[in-house]
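Structure file final_28.pdb; described as PDB, C-alpha atoms, pLDDT in the B column.
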MODEL        1
ATOM      1  CA  MET A   1      78.458  89.631 132.912  1.00 57.00           C
ATOM      2  CA  ILE A   2      77.203  92.718 131.061  1.00 63.00           C
ATOM      3  CA  GLU A   3      79.605  94.370 128.676  1.00 61.00           C
ATOM      4  CA  THR A   4      79.257  98.067 128.089  1.00 61.00           C
ATOM      5  CA  ALA A   5      80.647  99.777 125.023  1.00 68.00           C
ATOM      6  CA  VAL A   6      83.294 102.349 125.749  1.00 69.00           C
ATOM      7  CA  PRO A   7      82.724 105.439 123.635  1.00 75.00           C
ATOM      8  CA  ARG A   8      85.448 105.969 121.087  1.00 85.00           C
ATOM      9  CA  ALA A   9      87.429 109.189 121.170  1.00 94.00           C
ATOM     10  CA  ARG A  10      86.436 111.504 118.330  1.00 97.00           C
ATOM     11  CA  ALA A  11      89.455 112.683 116.358  1.00 97.00           C
ATOM     12  CA  ILE A  12      90.631 114.888 113.537  1.00 97.00           C
ATOM     13  CA  VAL A  13      93.686 113.774 111.538  1.00 98.00           C
ATOM     14  CA  LEU A  14      95.884 116.467 110.002  1.00 96.00           C
ATOM     15  CA  SER A  15      98.771 115.683 107.691  1.00 93.00           C
ATOM     16  CA  PRO A  16     100.960 118.776 107.236  1.00 92.00           C
ATOM     17  CA  ARG A  17     103.460 118.719 104.363  1.00 88.00           C
ATOM     18  CA  LEU A  18     105.911 121.331 103.144  1.00 85.00           C
ATOM     19  CA  LYS A  19     105.432 122.241  99.482  1.00 81.00           C
ATOM     20  CA  ALA A  20     109.154 121.784  98.906  1.00 77.00           C
ATOM     21  CA  ASP A  21     109.207 118.416 100.695  1.00 71.00           C
ATOM     22  CA  ARG A  22     106.455 116.600  98.780  1.00 58.00           C
ATOM     23  CA  LYS A  23     107.967 113.517  97.195  1.00 63.00           C
ATOM     24  CA  ALA A  24     106.760 110.585  95.094  1.00 51.00           C
ATOM     25  CA  ARG A  25     104.223 109.451  97.665  1.00 61.00           C
ATOM     26  CA  GLY A  26     101.216 111.724  97.412  1.00 81.00           C
ATOM     27  CA  ASP A  27      99.345 113.567 100.122  1.00 83.00           C
ATOM     28  CA  ALA A  28      96.275 111.368  99.696  1.00 87.00           C
ATOM     29  CA  GLU A  29      98.210 108.171 100.395  1.00 89.00           C
ATOM     30  CA  ARG A  30      99.951 109.612 103.460  1.00 90.00           C
ATOM     31  CA  LEU A  31      96.658 110.921 104.804  1.00 94.00           C
ATOM     32  CA  ALA A  32      94.916 107.586 104.196  1.00 95.00           C
ATOM     33  CA  GLU A  33      97.673 105.799 106.111  1.00 95.00           C
ATOM     34  CA  ALA A  34      97.383 108.216 109.060  1.00 96.00           C
ATOM     35  CA  VAL A  35      93.588 107.812 109.132  1.00 97.00           C
ATOM     36  CA  GLY A  36      93.993 104.036 108.987  1.00 96.00           C
ATOM     37  CA  LEU A  37      96.399 104.076 111.921  1.00 96.00           C
ATOM     38  CA  ALA A  38      94.029 106.267 113.933  1.00 96.00           C
ATOM     39  CA  ALA A  39      91.164 103.869 113.192  1.00 95.00           C
ATOM     40  CA  ALA A  40      93.365 100.917 114.169  1.00 96.00           C
ATOM     41  CA  ILE A  41      93.682 102.322 117.675  1.00 95.00           C
ATOM     42  CA  GLU A  42      89.908 102.725 117.718  1.00 94.00           C
ATOM     43  CA  LEU A  43      89.615 106.457 117.226  1.00 96.00           C
ATOM     44  CA  ASP A  44      86.454 107.723 115.555  1.00 96.00           C
ATOM     45  CA  VAL A  45      87.941 109.936 112.819  1.00 97.00           C
ATOM     46  CA  VAL A  46      85.341 112.594 112.028  1.00 97.00           C
ATOM     47  CA  HIS A  47      87.523 114.674 109.701  1.00 97.00           C
ATOM     48  CA  SER A  48      90.882 114.388 107.997  1.00 97.00           C
ATOM     49  CA  ARG A  49      92.874 116.770 105.889  1.00 94.00           C
ATOM     50  CA  ALA A  50      96.225 117.096 104.149  1.00 93.00           C
ATOM     51  CA  VAL A  51      97.623 120.560 104.825  1.00 92.00           C
ATOM     52  CA  VAL A  52     100.203 121.905 102.382  1.00 88.00           C
ATOM     53  CA  ILE A  53     102.337 124.607 103.979  1.00 88.00           C
ATOM     54  CA  ASP A  54     104.922 126.946 102.466  1.00 87.00           C
ATOM     55  CA  ARG A  55     107.029 126.845 105.608  1.00 84.00           C
ATOM     56  CA  ALA A  56     106.743 125.371 109.065  1.00 79.00           C
ATOM     57  CA  ARG A  57     105.789 128.103 111.474  1.00 83.00           C
ATOM     58  CA  PRO A  58     107.844 127.988 114.672  1.00 88.00           C
ATOM     59  CA  SER A  59     104.839 128.828 116.819  1.00 91.00           C
ATOM     60  CA  HIS A  60     102.139 126.538 115.369  1.00 89.00           C
ATOM     61  CA  ILE A  61     103.444 124.608 112.281  1.00 90.00           C
ATOM     62  CA  ILE A  62     100.185 125.383 110.426  1.00 92.00           C
ATOM     63  CA  GLY A  63      98.600 128.717 109.583  1.00 90.00           C
ATOM     64  CA  SER A  64      95.930 130.574 111.497  1.00 90.00           C
ATOM     65  CA  GLY A  65      93.282 129.896 108.833  1.00 93.00           C
ATOM     66  CA  VAL A  66      93.653 126.137 109.230  1.00 93.00           C
ATOM     67  CA  ILE A  67      93.694 126.513 113.011  1.00 94.00           C
ATOM     68  CA  GLU A  68      90.389 128.413 112.882  1.00 95.00           C
ATOM     69  CA  GLU A  69      88.813 125.768 110.622  1.00 95.00           C
ATOM     70  CA  VAL A  70      89.951 122.969 112.908  1.00 95.00           C
ATOM     71  CA  ALA A  71      88.724 124.819 116.009  1.00 95.00           C
ATOM     72  CA  ALA A  72      85.264 125.086 114.431  1.00 96.00           C
ATOM     73  CA  LEU A  73      85.300 121.364 113.589  1.00 96.00           C
ATOM     74  CA  VAL A  74      86.342 120.517 117.156  1.00 96.00           C
ATOM     75  CA  LYS A  75      83.298 122.327 118.501  1.00 96.00           C
ATOM     76  CA  GLU A  76      80.912 121.052 115.832  1.00 96.00           C
ATOM     77  CA  HIS A  77      81.880 117.382 116.175  1.00 95.00           C
ATOM     78  CA  GLU A  78      82.839 117.379 119.878  1.00 95.00           C
ATOM     79  CA  VAL A  79      86.366 116.250 119.029  1.00 96.00           C
ATOM     80  CA  THR A  80      88.601 115.211 121.915  1.00 95.00           C
ATOM     81  CA  LEU A  81      91.825 114.469 120.021  1.00 95.00           C
ATOM     82  CA  ILE A  82      93.737 115.895 117.071  1.00 95.00           C
ATOM     83  CA  VAL A  83      96.283 113.616 115.419  1.00 96.00           C
ATOM     84  CA  MET A  84      99.144 115.327 113.593  1.00 94.00           C
ATOM     85  CA  ASP A  85     100.893 113.127 111.047  1.00 93.00           C
ATOM     86  CA  GLY A  86     104.358 114.526 111.556  1.00 88.00           C
ATOM     87  CA  ALA A  87     106.738 115.971 114.087  1.00 89.00           C
ATOM     88  CA  VAL A  88     105.462 118.810 116.252  1.00 91.00           C
ATOM     89  CA  SER A  89     107.736 120.603 118.701  1.00 92.00           C
ATOM     90  CA  PRO A  90     106.668 120.940 122.339  1.00 93.00           C
ATOM     91  CA  ILE A  91     106.108 124.694 121.839  1.00 93.00           C
ATOM     92  CA  GLN A  92     103.978 124.093 118.742  1.00 92.00           C
ATOM     93  CA  GLN A  93     101.931 121.501 120.622  1.00 92.00           C
ATOM     94  CA  ARG A  94     101.367 123.846 123.549  1.00 93.00           C
ATOM     95  CA  ASN A  95     100.331 126.697 121.256  1.00 91.00           C
ATOM     96  CA  LEU A  96      97.969 124.491 119.253  1.00 89.00           C
ATOM     97  CA  GLU A  97      96.357 123.192 122.449  1.00 88.00           C
ATOM     98  CA  ARG A  98      95.798 126.759 123.664  1.00 88.00           C
ATOM     99  CA  ASP A  99      94.335 127.942 120.371  1.00 81.00           C
TER     100      ASP A  99
ENDMDL
END
For the structure just supplied, provide its representation as structure tokens.
Amino acid sequence: MIETAVPRARAIVLSPRLKADRKARGDAERLAEAVGLAAAIELDVVHSRAVVIDRARPSHIIGSGVIEEVAALVKEHEVTLIVMDGAVSPIQQRNLERD
């Protein structure tokens, strides 16, 4: 029997954190854990980033500048999945998928 390798999904991991909500555990450790979990389910993580936000935006959770950067990375690296390390509302998810 011939085994063929299934291509791994290419992913970006984002870890948004409110400035006011950053506790003892640092952004780097939380991001490393999220990247590790993504790798454990066999995602090919091509980029990861901790995103510090002043406030959660009801429409997108992250700002338009970060969205534009991520959109460029999606095209450049042919990303098929973005992993958000945190809760995202259904409306935020829909808006992020559209943008």
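Reported to one decimal place, the separation of CA of Leu37 in chain A from CA of Glu69 in chain A is 23.0 Å.
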Quick one: which residues end up in the PyMOL selection byres ((chain A and resi 51-68) around 7) for this structure, as a ChimeraX atom specification? /A:14-19,49-50,69-72,91-92,95-96
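Among A:Arg94, A:Glu33, A:Val46, A:Gly26, the residue with the shortest atom-to-atom distance to Thr80 in chain A, counting only C-alpha atoms, is A:Val46.
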Quick one: of A:Leu31, A:Ala40, A:Val13, A:Asp99, who's nearest to Val79 in chain A, counting all atoms listed in the file? A:Val13
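In this structure, CA of Lys75 in chain A sits 17.7 Å away from CA of Pro7 in chain A.
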